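Engineer: This is the content of my_file_29.cif (mmCIF, C-alpha atoms (C1' of nucleotides)):
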```cif
data_entry
loop_
_atom_site.label_atom_id
_atom_site.label_comp_id
_atom_site.auth_asym_id
_atom_site.auth_seq_id
_atom_site.Cartn_x
_atom_site.Cartn_y
_atom_site.Cartn_z
CA MET A 1 27.20 4.84 -37.24
CA SER A 2 24.85 4.00 -34.38
CA LEU A 3 27.30 5.13 -31.71
CA ARG A 4 27.51 8.46 -33.46
CA SER A 5 23.71 8.70 -33.59
CA ALA A 6 23.36 7.77 -29.96
CA LEU A 7 25.85 10.48 -29.01
CA LEU A 8 24.02 13.03 -31.15
CA ALA A 9 20.70 11.99 -29.62
CA LEU A 10 22.08 12.72 -26.15
CA LEU A 11 23.80 15.95 -27.12
CA ARG A 12 20.55 17.21 -28.63
CA ILE A 13 19.19 17.23 -25.09
CA GLY A 14 21.85 19.74 -24.15
CA PRO A 15 25.63 20.30 -24.23
CA MET A 16 27.55 17.63 -22.33
CA SER A 17 31.11 16.58 -21.63
CA GLY A 18 32.59 13.25 -22.67
CA TYR A 19 32.42 12.19 -19.06
CA GLU A 20 28.71 12.94 -18.77
CA LEU A 21 28.03 11.11 -22.02
CA GLN A 22 30.00 8.18 -20.75
CA LYS A 23 27.83 8.10 -17.60
CA GLN A 24 24.72 7.97 -19.75
CA PHE A 25 26.23 5.09 -21.68
CA SER A 26 26.79 3.16 -18.49
CA GLN A 27 23.17 3.83 -17.44
CA SER A 28 20.09 4.74 -19.50
CA VAL A 29 21.10 4.74 -23.18
CA GLY A 30 23.77 2.23 -22.34
CA HIS A 31 21.03 -0.34 -21.87
CA VAL A 32 20.08 0.04 -25.51
CA TRP A 33 23.46 0.83 -27.04
CA HIS A 34 26.53 0.06 -25.03
CA ALA A 35 29.81 1.90 -25.52
CA PRO A 36 32.90 2.08 -23.30
CA ASP A 37 34.71 5.37 -22.64
CA SER A 38 37.60 4.24 -24.80
CA GLN A 39 35.22 4.35 -27.73
CA ILE A 40 33.35 7.49 -26.75
CA TYR A 41 36.26 9.92 -26.45
CA PRO A 42 37.82 9.11 -29.84
CA GLU A 43 34.38 9.17 -31.49
CA LEU A 44 33.69 12.64 -30.09
CA LYS A 45 37.00 13.81 -31.51
CA LYS A 46 36.11 12.40 -34.92
CA MET A 47 32.67 13.97 -34.78
CA ALA A 48 34.21 17.33 -33.98
CA ASN A 49 36.57 16.88 -36.95
CA ASP A 50 33.59 16.11 -39.15
CA GLY A 51 31.88 19.28 -37.94
CA LEU A 52 28.93 17.55 -36.26
CA ILE A 53 29.77 18.92 -32.83
CA THR A 54 31.97 21.67 -31.40
CA ALA A 55 33.96 21.53 -28.18
CA GLU A 56 33.65 24.39 -25.74
CA GLU A 57 36.67 24.17 -23.44
CA GLN A 58 36.01 25.01 -19.83
CA ALA A 59 38.44 25.35 -16.95
CA ARG A 60 37.61 23.71 -13.67
CA GLY A 61 39.71 24.70 -10.67
CA SER A 62 43.26 25.73 -11.43
CA ALA A 63 44.43 22.96 -13.72
CA GLY A 64 41.33 20.86 -14.43
CA MET A 65 39.74 20.97 -17.85
CA ARG A 66 36.61 19.79 -19.50
CA LYS A 67 35.13 19.99 -22.94
CA LEU A 68 31.45 20.68 -23.36
CA TYR A 69 30.22 19.41 -26.69
CA HIS A 70 27.51 21.22 -28.63
CA VAL A 71 25.63 19.85 -31.64
CA THR A 72 26.11 21.94 -34.78
CA LYS A 73 23.59 22.39 -37.58
CA ALA A 74 25.44 19.70 -39.54
CA GLY A 75 25.10 17.48 -36.47
CA GLN A 76 21.36 18.08 -36.27
CA LYS A 77 21.10 17.19 -39.92
CA ALA A 78 23.21 14.05 -39.51
CA PHE A 79 20.86 12.93 -36.75
CA THR A 80 17.61 13.54 -38.61
CA ASP A 81 19.14 11.94 -41.72
CA TRP A 82 19.86 8.83 -39.65
CA MET A 83 16.32 8.92 -38.27
CA ASP A 84 14.76 9.26 -41.72
CA LYS A 85 16.80 6.76 -43.66
CA PRO A 86 16.07 3.04 -43.34
CA LEU A 87 18.05 1.02 -40.83
CA LYS A 88 20.53 -1.52 -42.09
CA TYR A 89 19.88 -4.73 -40.21
CA GLN A 90 22.91 -6.73 -39.19
CA ARG A 91 22.85 -10.40 -40.05
CA THR A 92 22.15 -12.62 -37.04
CA ARG A 93 25.05 -13.50 -34.78
CA ASP A 94 23.62 -15.10 -31.70
CA ALA A 95 26.11 -17.02 -29.59
CA ALA A 96 23.50 -18.35 -27.13
CA HIS A 97 21.33 -19.89 -29.83
CA LEU A 98 24.38 -21.21 -31.67
CA LYS A 99 25.42 -22.96 -28.49
CA ALA A 100 21.88 -24.19 -27.85
CA ALA A 101 21.90 -25.95 -31.22
CA TYR A 102 24.80 -28.16 -30.10
CA LEU A 103 23.85 -28.71 -26.48
CA GLU A 104 24.01 -32.49 -26.90
CA SER A 105 27.81 -32.07 -26.94
CA ALA A 106 27.90 -30.27 -23.59
CA SER A 107 28.48 -32.06 -20.31
CA ASP A 108 25.39 -32.68 -18.18
CA GLY A 109 25.91 -29.87 -15.72
CA ALA A 110 26.87 -27.39 -18.44
CA VAL A 111 23.47 -27.56 -20.12
CA ARG A 112 21.63 -26.56 -16.96
CA GLU A 113 24.21 -23.94 -16.07
CA PHE A 114 23.93 -22.48 -19.55
CA LEU A 115 20.15 -22.21 -19.39
CA GLU A 116 20.16 -20.90 -15.86
CA SER A 117 22.68 -18.20 -16.61
CA HIS A 118 20.74 -17.31 -19.75
CA ILE A 119 17.70 -16.73 -17.54
CA GLU A 120 19.77 -14.76 -15.07
CA HIS A 121 21.29 -12.58 -17.78
CA TRP A 122 17.96 -11.71 -19.33
CA GLN A 123 16.32 -11.21 -15.95
CA ASN A 124 18.93 -8.56 -15.18
CA GLU A 125 18.33 -6.91 -18.51
CA LEU A 126 14.59 -7.05 -17.95
CA GLU A 127 14.97 -5.38 -14.58
CA CYS A 128 16.99 -2.52 -16.11
CA TRP A 129 14.41 -1.95 -18.78
CA GLU A 130 11.46 -2.17 -16.42
CA ASP A 131 13.17 0.41 -14.22
CA GLU A 132 13.62 2.64 -17.24
CA ILE A 133 9.94 2.27 -18.13
CA ALA A 134 8.96 3.17 -14.58
CA ALA A 135 11.25 6.22 -14.70
CA ILE A 136 9.76 7.28 -18.02
CA GLU A 137 6.21 6.96 -16.73
CA ALA A 138 6.99 8.81 -13.51
CA GLU A 139 9.06 11.31 -15.49
CA THR A 140 11.93 10.97 -13.01
CA SER A 141 14.54 10.14 -15.65
CA PRO A 142 16.82 13.23 -15.59
CA MET A 143 17.61 13.11 -19.30
CA LEU A 144 13.96 12.75 -20.24
CA VAL A 145 12.99 15.66 -17.99
CA ARG A 146 15.70 17.81 -19.58
CA ARG A 147 14.58 16.80 -23.03
CA LEU A 148 10.91 17.48 -22.29
CA ALA A 149 11.75 20.94 -20.98
CA ALA A 150 13.48 21.75 -24.27
CA ILE A 151 10.71 20.77 -26.67
CA PRO A 152 7.27 22.31 -27.31
CA GLU A 153 4.44 20.88 -25.22
CA SER A 154 2.73 19.38 -28.24
CA GLU A 155 5.66 17.02 -28.79
CA ARG A 156 5.98 15.83 -25.22
CA THR A 157 3.36 13.09 -25.35
CA THR A 158 4.91 11.71 -28.52
CA SER A 159 8.39 11.83 -27.06
CA VAL A 160 7.37 9.97 -23.90
CA ALA A 161 5.30 7.47 -25.84
CA TYR A 162 8.14 6.47 -28.18
CA LYS A 163 10.66 6.20 -25.39
CA ARG A 164 8.32 3.92 -23.50
CA PHE A 165 7.60 1.96 -26.64
CA ALA A 166 11.31 1.37 -27.26
CA TYR A 167 11.99 0.03 -23.79
CA GLU A 168 8.88 -2.13 -23.87
CA GLY A 169 10.24 -3.80 -26.98
CA LEU A 170 13.47 -4.61 -25.17
CA ALA A 171 11.53 -5.90 -22.16
CA ASP A 172 9.46 -8.12 -24.45
CA ARG A 173 12.60 -9.56 -25.89
CA ALA A 174 14.00 -10.31 -22.45
CA ARG A 175 10.77 -12.05 -21.46
CA SER A 176 10.85 -14.11 -24.60
CA GLU A 177 14.44 -15.22 -23.85
CA ILE A 178 13.50 -16.16 -20.31
CA THR A 179 10.47 -18.18 -21.42
CA TRP A 180 12.60 -19.96 -23.99
CA ALA A 181 15.33 -20.90 -21.52
CA ARG A 182 12.72 -22.15 -19.05
CA ARG A 183 11.32 -24.36 -21.77
CA GLY A 184 14.88 -25.54 -22.24
CA LEU A 185 15.08 -26.60 -18.60
CA ASP A 186 11.83 -28.55 -19.06
CA LEU A 187 13.35 -30.19 -22.11
CA VAL A 188 16.43 -31.24 -20.14
CA ARG A 189 14.23 -32.91 -17.53
CA GLU A 190 12.27 -34.65 -20.27
CA LEU A 191 15.40 -35.91 -22.02
CA GLU A 192 16.80 -37.25 -18.78
CA ARG A 193 14.01 -39.79 -18.61
CA MET B 194 35.59 -17.18 -30.64
CA SER B 195 32.05 -17.99 -31.78
CA LEU B 196 33.01 -18.11 -35.45
CA ARG B 197 35.67 -20.62 -34.56
CA SER B 198 33.17 -22.69 -32.56
CA ALA B 199 30.63 -22.58 -35.36
CA LEU B 200 33.26 -23.81 -37.81
CA LEU B 201 34.29 -26.59 -35.44
CA ALA B 202 30.66 -27.57 -34.92
CA LEU B 203 30.25 -28.01 -38.67
CA LEU B 204 33.55 -29.79 -39.18
CA ARG B 205 32.63 -32.27 -36.46
CA ILE B 206 29.89 -33.46 -38.80
CA GLY B 207 32.56 -34.43 -41.29
CA PRO B 208 35.54 -33.05 -43.21
CA MET B 209 34.64 -30.07 -45.39
CA SER B 210 36.29 -27.51 -47.62
CA GLY B 211 36.23 -23.78 -47.00
CA TYR B 212 33.78 -23.47 -49.81
CA GLU B 213 31.35 -25.99 -48.34
CA LEU B 214 31.60 -24.29 -44.95
CA GLN B 215 30.92 -20.98 -46.58
CA LYS B 216 27.77 -22.43 -48.20
CA GLN B 217 26.58 -23.56 -44.76
CA PHE B 218 27.18 -20.06 -43.45
CA SER B 219 25.02 -18.60 -46.17
CA GLN B 220 22.26 -21.11 -45.35
CA SER B 221 21.55 -23.13 -42.20
CA VAL B 222 24.11 -22.09 -39.57
CA GLY B 223 24.34 -18.73 -41.26
CA HIS B 224 20.89 -17.97 -39.91
CA VAL B 225 22.24 -18.22 -36.38
CA TRP B 226 25.78 -17.02 -36.89
CA HIS B 227 26.57 -15.10 -40.03
CA ALA B 228 30.05 -14.98 -41.52
CA PRO B 229 31.22 -13.93 -45.00
CA ASP B 230 33.80 -15.97 -46.94
CA SER B 231 36.37 -13.24 -46.39
CA GLN B 232 36.23 -14.10 -42.72
CA ILE B 233 35.96 -17.88 -43.07
CA TYR B 234 39.08 -18.56 -45.14
CA PRO B 235 41.49 -16.60 -42.91
CA GLU B 236 39.92 -18.11 -39.80
CA LEU B 237 40.43 -21.64 -41.16
CA LYS B 238 44.08 -20.81 -41.78
CA LYS B 239 44.45 -19.54 -38.23
CA MET B 240 42.70 -22.60 -36.83
CA ALA B 241 45.08 -24.85 -38.79
CA ASN B 242 48.01 -22.86 -37.40
CA ASP B 243 46.63 -23.37 -33.91
CA GLY B 244 46.38 -27.10 -34.54
CA LEU B 245 42.58 -27.32 -34.22
CA ILE B 246 42.12 -28.57 -37.77
CA THR B 247 44.32 -30.06 -40.48
CA ALA B 248 44.05 -29.41 -44.21
CA GLU B 249 44.02 -32.37 -46.56
CA GLU B 250 44.90 -31.03 -49.99
CA GLN B 251 43.05 -32.60 -52.86
CA ALA B 252 43.51 -32.11 -56.59
CA ARG B 253 40.44 -31.59 -58.69
CA GLY B 254 40.91 -31.84 -62.46
CA SER B 255 44.30 -30.84 -63.77
CA ALA B 256 44.90 -27.54 -62.00
CA GLY B 257 42.04 -27.18 -59.52
CA MET B 258 42.70 -27.59 -55.83
CA ARG B 259 40.72 -27.85 -52.66
CA LYS B 260 41.50 -28.28 -49.03
CA LEU B 261 39.43 -30.64 -46.93
CA TYR B 262 39.60 -29.66 -43.31
CA HIS B 263 39.55 -32.27 -40.54
CA VAL B 264 39.06 -31.58 -36.83
CA THR B 265 42.01 -32.69 -34.69
CA LYS B 266 41.85 -33.90 -31.10
CA ALA B 267 42.83 -30.40 -30.00
CA GLY B 268 39.95 -29.10 -32.10
CA GLN B 269 37.50 -31.51 -30.48
CA LYS B 270 38.70 -30.33 -27.12
CA ALA B 271 38.45 -26.67 -28.06
CA PHE B 272 34.84 -27.25 -29.08
CA THR B 273 33.77 -29.12 -25.95
CA ASP B 274 35.63 -26.54 -23.84
CA TRP B 275 33.57 -23.82 -25.49
CA MET B 276 30.40 -25.84 -24.89
CA ASP B 277 31.21 -26.40 -21.24
CA LYS B 278 32.36 -22.97 -20.24
CA PRO B 279 29.85 -20.20 -19.59
CA LEU B 280 28.98 -17.85 -22.43
CA LYS B 281 30.09 -14.26 -22.22
CA TYR B 282 27.10 -12.12 -23.03
CA GLN B 283 27.72 -9.05 -25.13
CA ARG B 284 26.26 -5.84 -23.84
CA THR B 285 23.16 -4.72 -25.71
CA ARG B 286 23.63 -2.86 -28.96
CA ASP B 287 20.28 -2.62 -30.64
CA ALA B 288 20.03 -0.06 -33.40
CA ALA B 289 16.30 -0.60 -34.00
CA HIS B 290 15.34 0.07 -30.39
CA LEU B 291 17.76 2.97 -30.17
CA LYS B 292 16.03 4.53 -33.14
CA ALA B 293 12.60 3.72 -31.71
CA ALA B 294 13.42 5.73 -28.60
CA TYR B 295 13.82 8.88 -30.68
CA LEU B 296 11.05 8.37 -33.22
CA GLU B 297 9.49 11.74 -32.37
CA SER B 298 12.41 13.26 -34.33
CA ALA B 299 11.67 11.29 -37.47
CA SER B 300 9.55 12.63 -40.29
CA ASP B 301 5.97 11.33 -40.46
CA GLY B 302 6.51 8.83 -43.24
CA ALA B 303 9.78 7.58 -41.77
CA VAL B 304 8.15 6.27 -38.58
CA ARG B 305 5.74 4.05 -40.50
CA GLU B 306 8.42 2.95 -42.94
CA PHE B 307 10.72 2.06 -40.07
CA LEU B 308 8.10 -0.07 -38.33
CA GLU B 309 6.99 -1.71 -41.55
CA SER B 310 10.50 -2.63 -42.56
CA HIS B 311 11.13 -3.91 -39.05
CA ILE B 312 8.16 -6.24 -39.49
CA GLU B 313 9.37 -7.26 -42.93
CA HIS B 314 12.89 -7.96 -41.70
CA TRP B 315 11.75 -10.16 -38.83
CA GLN B 316 9.15 -11.89 -40.97
CA ASN B 317 11.92 -12.96 -43.33
CA GLU B 318 14.00 -14.20 -40.42
CA LEU B 319 11.01 -16.02 -38.99
CA GLU B 320 10.41 -17.74 -42.31
CA CYS B 321 14.02 -18.96 -42.46
CA TRP B 322 13.83 -20.35 -38.96
CA GLU B 323 10.45 -21.97 -39.46
CA ASP B 324 11.82 -23.65 -42.58
CA GLU B 325 14.78 -24.88 -40.55
CA ILE B 326 12.46 -26.26 -37.89
CA ALA B 327 10.41 -28.04 -40.55
CA ALA B 328 13.60 -29.49 -42.04
CA ILE B 329 14.76 -30.65 -38.61
CA GLU B 330 11.45 -32.33 -37.89
CA ALA B 331 11.27 -34.00 -41.29
CA GLU B 332 14.99 -34.83 -41.02
CA THR B 333 15.58 -33.47 -44.50
CA SER B 334 18.36 -31.09 -43.48
CA PRO B 335 21.46 -32.61 -45.14
CA MET B 336 23.83 -31.55 -42.35
CA LEU B 337 21.56 -32.93 -39.65
CA VAL B 338 21.18 -36.23 -41.50
CA ARG B 339 24.96 -36.49 -41.83
CA ARG B 340 25.40 -35.70 -38.17
CA LEU B 341 22.77 -38.19 -37.04
CA ALA B 342 24.42 -40.92 -39.11
CA ALA B 343 27.70 -40.28 -37.30
CA ILE B 344 26.47 -40.47 -33.71
CA PRO B 345 25.11 -43.40 -31.66
CA GLU B 346 21.36 -43.91 -31.81
CA SER B 347 20.94 -42.99 -28.15
CA GLU B 348 22.11 -39.44 -28.81
CA ARG B 349 19.96 -38.79 -31.85
CA THR B 350 16.80 -37.73 -30.02
CA THR B 351 18.80 -35.30 -27.90
CA SER B 352 20.59 -33.89 -30.90
CA VAL B 353 17.36 -33.27 -32.81
CA ALA B 354 15.62 -31.88 -29.74
CA TYR B 355 18.32 -29.27 -29.04
CA LYS B 356 18.56 -28.21 -32.66
CA ARG B 357 14.83 -27.70 -32.74
CA PHE B 358 14.92 -25.91 -29.42
CA ALA B 359 17.56 -23.47 -30.67
CA TYR B 360 15.63 -22.50 -33.77
CA GLU B 361 12.40 -22.19 -31.82
CA GLY B 362 14.08 -19.61 -29.62
CA LEU B 363 15.06 -17.59 -32.65
CA ALA B 364 11.54 -17.90 -34.05
CA ASP B 365 10.12 -16.70 -30.73
CA ARG B 366 12.33 -13.68 -30.87
CA ALA B 367 11.22 -12.87 -34.40
CA ARG B 368 7.59 -13.14 -33.37
CA SER B 369 8.19 -10.86 -30.43
CA GLU B 370 9.80 -8.23 -32.69
CA ILE B 371 6.88 -8.42 -35.12
CA THR B 372 4.29 -8.04 -32.35
CA TRP B 373 6.20 -5.08 -30.96
CA ALA B 374 6.41 -3.28 -34.30
CA ARG B 375 2.71 -3.88 -34.91
CA ARG B 376 1.97 -2.28 -31.57
CA GLY B 377 4.15 0.58 -32.78
CA LEU B 378 1.93 1.04 -35.82
CA ASP B 379 -1.10 1.17 -33.51
CA LEU B 380 0.68 3.78 -31.43
CA VAL B 381 1.34 5.93 -34.50
CA ARG B 382 -2.35 5.87 -35.38
CA GLU B 383 -3.24 6.77 -31.81
CA LEU B 384 -0.76 9.67 -31.70
CA GLU B 385 -2.08 11.03 -34.97
CA ARG B 386 -5.39 11.78 -33.34
"C1'" DT C 387 44.91 12.75 3.69
"C1'" DT C 388 42.45 9.71 1.53
"C1'" DC C 389 38.67 8.38 -1.11
"C1'" DA C 390 35.08 8.87 -4.38
"C1'" DC C 391 34.33 11.02 -8.36
"C1'" DC C 392 35.47 14.14 -12.33
"C1'" DA C 393 37.94 14.15 -16.52
"C1'" DT C 394 40.44 12.56 -20.71
"C1'" DG C 395 42.55 9.80 -23.14
"C1'" DT C 396 46.17 5.96 -25.75
"C1'" DA C 397 47.55 1.39 -27.47
"C1'" DA C 398 47.28 -3.12 -29.03
"C1'" DG C 399 44.57 -6.51 -30.59
"C1'" DT C 400 40.31 -8.87 -32.43
"C1'" DT C 401 36.35 -9.08 -35.10
"C1'" DG C 402 33.54 -7.85 -38.76
"C1'" DT C 403 32.44 -5.22 -43.36
"C1'" DT C 404 32.95 -4.15 -48.12
"C1'" DA C 405 35.11 -4.44 -52.09
"C1'" DC C 406 38.29 -6.47 -54.95
"C1'" DA C 407 40.68 -10.34 -57.45
"C1'" DT C 408 41.40 -14.66 -59.88
"C1'" DG C 409 40.93 -18.92 -62.04
"C1'" DA C 410 39.15 -23.95 -62.75
"C1'" DT C 411 35.34 -27.09 -63.61
"C1'" DT C 412 31.08 -28.86 -65.11
"C1'" DC C 413 26.98 -28.91 -67.39
"C1'" DC C 414 24.09 -27.25 -71.09
"C1'" DG D 415 31.03 -21.17 -75.93
"C1'" DG D 416 28.81 -19.39 -71.89
"C1'" DA D 417 26.87 -19.65 -67.40
"C1'" DA D 418 26.64 -21.47 -62.95
"C1'" DT D 419 29.16 -23.06 -59.48
"C1'" DC D 420 33.46 -24.62 -57.31
"C1'" DA D 421 37.40 -22.81 -55.06
"C1'" DT D 422 40.48 -19.59 -52.53
"C1'" DG D 423 41.78 -15.82 -51.15
"C1'" DT D 424 43.67 -10.27 -50.20
"C1'" DA D 425 43.19 -5.41 -48.74
"C1'" DA D 426 41.45 -1.55 -46.58
"C1'" DC D 427 38.68 -0.03 -43.32
"C1'" DA D 428 35.37 0.34 -39.39
"C1'" DA D 429 33.89 -1.16 -34.97
"C1'" DC D 430 34.66 -3.07 -30.69
"C1'" DT D 431 37.41 -5.03 -26.54
"C1'" DT D 432 40.70 -4.96 -22.97
"C1'" DA D 433 44.07 -3.05 -20.65
"C1'" DC D 434 46.73 0.68 -19.53
"C1'" DA D 435 47.77 5.53 -18.07
"C1'" DT D 436 47.31 9.96 -15.80
"C1'" DG D 437 45.95 13.65 -13.01
"C1'" DG D 438 42.56 17.20 -10.75
"C1'" DT D 439 38.61 18.22 -7.50
"C1'" DG D 440 35.79 18.20 -3.46
"C1'" DA D 441 34.18 16.53 0.70
"C1'" DA D 442 34.87 13.93 5.25
#
```
Please, can you express the file's structure as structure tokens?
Structural biologist:
Amino acid sequence: MSLRSALLALLRIGPMSGYELQKQFSQSVGHVWHAPDSQIYPELKKMANDGLITAEEQARGSAGMRKLYHVTKAGQKAFTDWMDKPLKYQRTRDAAHLKAAYLESASDGAVREFLESHIEHWQNELECWEDEIAAIEAETSPMLVRRLAAIPESERTTSVAYKRFAYEGLADRARSEITWARRGLDLVRELER
Amino acid sequence: MSLRSALLALLRIGPMSGYELQKQFSQSVGHVWHAPDSQIYPELKKMANDGLITAEEQARGSAGMRKLYHVTKAGQKAFTDWMDKPLKYQRTRDAAHLKAAYLESASDGAVREFLESHIEHWQNELECWEDEIAAIEAETSPMLVRRLAAIPESERTTSVAYKRFAYEGLADRARSEITWARRGLDLVRELER
DNA sequence: TTCACCATGTAAGTTGTTACATGATTCC
DNA sequence: GGAATCATGTAACAACTTACATGGTGAA
């Protein structure tokens, strides 16, 4: 259901094609909720079937085609319903921490490599999110600018504040993972003695 | 592949039935990697087919039955291979932060409820993990005790240290989520003015 | 003309969710 | 005799992954 909500959230900014949505999912929103194109196109079709969006078919050139999706009233409602109803939390499934619990069974080099690549992974994530925060603050994020233009002035502060808040949470998480893995490297050194 | 590795990790402690494994997945390991029984039983069958484990059938009473699963050499290898090869990180899919980014579209009460239930959720998780850490330190965790009895003394410190390290990472994450959501509640108050 | 980008998908397989389904044993 | 717990699954569905498959447009 979250993919659907993420798509609705983007389409509420303005009508978009599957391709444009897909671009967003490989950039901005994609850093919060990832989805490949092979999931996006079928989902859009299903959403159109369910009446949440409508496809406006446009010709491009002589033979090219594209479908611009618009959110319907039912779609708006589906989105605000999702916003207003409590989130269902998934039970934990954390491969890195599962592996960490059995690190005594890994070969010497593998432990260090694991921790170092954990740091690298989360440092990349952190960078993405810090860039997003910077773009939000500077209001250079194209989607945010479009969204802000479409809503009354009174809501703009709130909108920016929550977006920033969301990405800060993700950045916090990344920092926490990095700190943890660094402590792991200290632990390895300690255990070696 | 992580479910398989988690099952192998447990079975390396000693032969167990599907039922016992399932119990572990609803307690200790289940707090790191969740799996329902409907996933465990078929996976055990597949693992037996793949030669990673063997089932020892035991009668209980007159008509009762149970299968004790043992790890084979191939299973041992599969586990250490998983330990030694780098983890593939899943791309981010975080419903709570996705929702947070669009909180300006939620009704007034829903924002607070969302943040409060986020805190509640992560406080529950934190409690589980802190209990696990306490059990690891006191060496009262039955699985850990069994494992420690089966390995040479020299490895015991390492084994305990990594287990503790893993759960501390999860606890850190929970704390980070709680701090974030609390900051969110502050933000709501600020925006109300 | 060729390359980057626009544009839209299908297909097969794996993993995970939710609900259903059944029966034995042990302890009180 | 009844409840908790032991014990093992199936079925239908939803979500996600990986790989494949195709063709148009626009600019250098």
Engineer: Please provide as a ChimeraX atom specification all residues within 7 Å of range 288-304 of chain B, with the sequence filter that same-chain residues fewer than 5 positions apart are discarded (counting all atoms listed in the file).
Structural biologist: /A:2,32-33,80,83-84,158-159,162-163,166
Engineer: Please identify all polymer residues within 9 Å of range 426-433 of chain D, counting all atoms listed in the file, omitting same-chain residues fewer than 3 positions from it, and present them as a PDB file with C-alpha atoms (C1' of nucleotides), in the frame of the given file.
Structural biologist:
```pdb
ATOM      1  CA  ALA A  35      29.810   1.900 -25.520  1.00  0.00           C
ATOM      2  CA  GLN A  39      35.220   4.350 -27.730  1.00  0.00           C
TER       3      GLN A  39
ATOM      4  C1'  DA C 397      47.550   1.390 -27.470  1.00  0.00           C
ATOM      5  C1'  DA C 398      47.280  -3.120 -29.030  1.00  0.00           C
ATOM      6  C1'  DG C 399      44.570  -6.510 -30.590  1.00  0.00           C
ATOM      7  C1'  DT C 400      40.310  -8.870 -32.430  1.00  0.00           C
ATOM      8  C1'  DT C 401      36.350  -9.080 -35.100  1.00  0.00           C
ATOM      9  C1'  DG C 402      33.540  -7.850 -38.760  1.00  0.00           C
ATOM     10  C1'  DT C 403      32.440  -5.220 -43.360  1.00  0.00           C
ATOM     11  C1'  DT C 404      32.950  -4.150 -48.120  1.00  0.00           C
ATOM     12  C1'  DA C 405      35.110  -4.440 -52.090  1.00  0.00           C
TER      13       DA C 405
END
```
Engineer: Between CA of Gly169 in chain A and CA of Gly18 in chain A, measure the distance and give it in Å to one decimal.
Structural biologist: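 Interatomic distance here is 28.4 Å.
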Engineer: Kindly give the distance, in Å, that separates CA of Lys85 in chain A and CA of Asp50 in chain A, rounded to a single decimal.
Structural biologist: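 Separating CA of Lys85 in chain A from CA of Asp50 in chain A is a distance of 19.7 Å.
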Engineer: Can you translate the PyMOL selection byres ((chain A and resi 115) around 9) into the concrete residues it hits in this file, as a list of chain:residue names?
Structural biologist: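 Selected by the PyMOL selection byres ((chain A and resi 115) around 9) here: A:Ala100, A:Ala110, A:Val111, A:Arg112, A:Glu113, A:Phe114, A:Glu116, A:Ser117, A:His118, A:Ile119, A:Glu120, A:Ala181, A:Arg182, A:Gly184, A:Leu185.
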Engineer: Take the selection from the previous step and output its residues with C-alpha atoms, as a compact mmCIF listing (two decimals), keeping the file's coordinate frame.
Structural biologist:
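Contents of the output file selection09.txt:
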```
# COMPACT_ATOMS: atom_id res chain seq x y z
CA ALA A 100 21.88 -24.19 -27.85
CA ALA A 110 26.87 -27.39 -18.44
CA VAL A 111 23.47 -27.56 -20.12
CA ARG A 112 21.63 -26.56 -16.96
CA GLU A 113 24.21 -23.94 -16.07
CA PHE A 114 23.93 -22.48 -19.55
CA GLU A 116 20.16 -20.90 -15.86
CA SER A 117 22.68 -18.20 -16.61
CA HIS A 118 20.74 -17.31 -19.75
CA ILE A 119 17.70 -16.73 -17.54
CA GLU A 120 19.77 -14.76 -15.07
CA ALA A 181 15.33 -20.90 -21.52
CA ARG A 182 12.72 -22.15 -19.05
CA GLY A 184 14.88 -25.54 -22.24
CA LEU A 185 15.08 -26.60 -18.60
```
Engineer: Return as a count of residues only the residues belonging to chain D that are within 9 Å of chain B, counting only C-alpha atoms (C1' of nucleotides).
Structural biologist: 5
Engineer: If we count all atoms listed in the file and set the cut-off at 12 Å, which residues sit around DT436 in chain D, ignoring sequence neighbours fewer than 3 positions away in its own chain? Please answer as a list in words.
Structural biologist: DA393, DT394, DG395 and DT396 of chain C
Engineer: If you take every atom of range 5-12 of chain A that the file lists and fit an axis-aligned box around them with 5 Å extra on each side, what centre and edge lengths come out in Å to one decimal, as AutoDock Vina command-line options?
Structural biologist:
```
--center_x 23.2 --center_y 12.5 --center_z -29.9 --size_x 15.3 --size_y 19.4 --size_z 17.4
```
Engineer: Calculated over all atoms listed in the file, which of the candidates A:Arg156, A:Lys46, A:His121, A:Arg93 has the smallest distance to chain B?
Structural biologist: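 Ranked by minimum distance to chain B, first place goes to A:Arg93.
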Engineer: Quick check, in Å to one decimal: how far apart do CA of Ala267 in chain B and CA of Leu245 in chain B lie?
Structural biologist: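 Rounded to one decimal, the two atoms are 5.2 Å apart.
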Engineer: If the PyMOL selection byres ((chain D and resi 440) around 9) is run on the structure shown, which residues does it catch, given as a PyMOL selection string?
Structural biologist: (chain C and resi 391) or (chain D and resi 439+441)
Engineer: Excluding Arg12 in chain A and any residue of its chain fewer than 6 positions from it, enumerate the residues within 12 Å of it, using all atoms listed in the file, and give them as a short mmCIF file (atom, residue, chain, number, x, y, z; two decimals) with C-alpha atoms, in the coordinates of the input.
Structural biologist:
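Result went into out_19.cif, see below:
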```
data_model
loop_
_atom_site.label_atom_id
_atom_site.label_comp_id
_atom_site.auth_asym_id
_atom_site.auth_seq_id
_atom_site.Cartn_x
_atom_site.Cartn_y
_atom_site.Cartn_z
CA SER A 5 23.71 8.70 -33.59
CA ALA A 6 23.36 7.77 -29.96
CA LEU A 21 28.03 11.11 -22.02
CA LEU A 52 28.93 17.55 -36.26
CA ILE A 53 29.77 18.92 -32.83
CA TYR A 69 30.22 19.41 -26.69
CA HIS A 70 27.51 21.22 -28.63
CA VAL A 71 25.63 19.85 -31.64
CA THR A 72 26.11 21.94 -34.78
CA LYS A 73 23.59 22.39 -37.58
CA GLY A 75 25.10 17.48 -36.47
CA GLN A 76 21.36 18.08 -36.27
CA LYS A 77 21.10 17.19 -39.92
CA ALA A 78 23.21 14.05 -39.51
CA PHE A 79 20.86 12.93 -36.75
CA THR A 80 17.61 13.54 -38.61
CA MET A 143 17.61 13.11 -19.30
CA LEU A 144 13.96 12.75 -20.24
CA ARG A 146 15.70 17.81 -19.58
CA ARG A 147 14.58 16.80 -23.03
CA LEU A 148 10.91 17.48 -22.29
CA ALA A 150 13.48 21.75 -24.27
CA ILE A 151 10.71 20.77 -26.67
CA TYR B 295 13.82 8.88 -30.68
CA SER B 298 12.41 13.26 -34.33
#
```
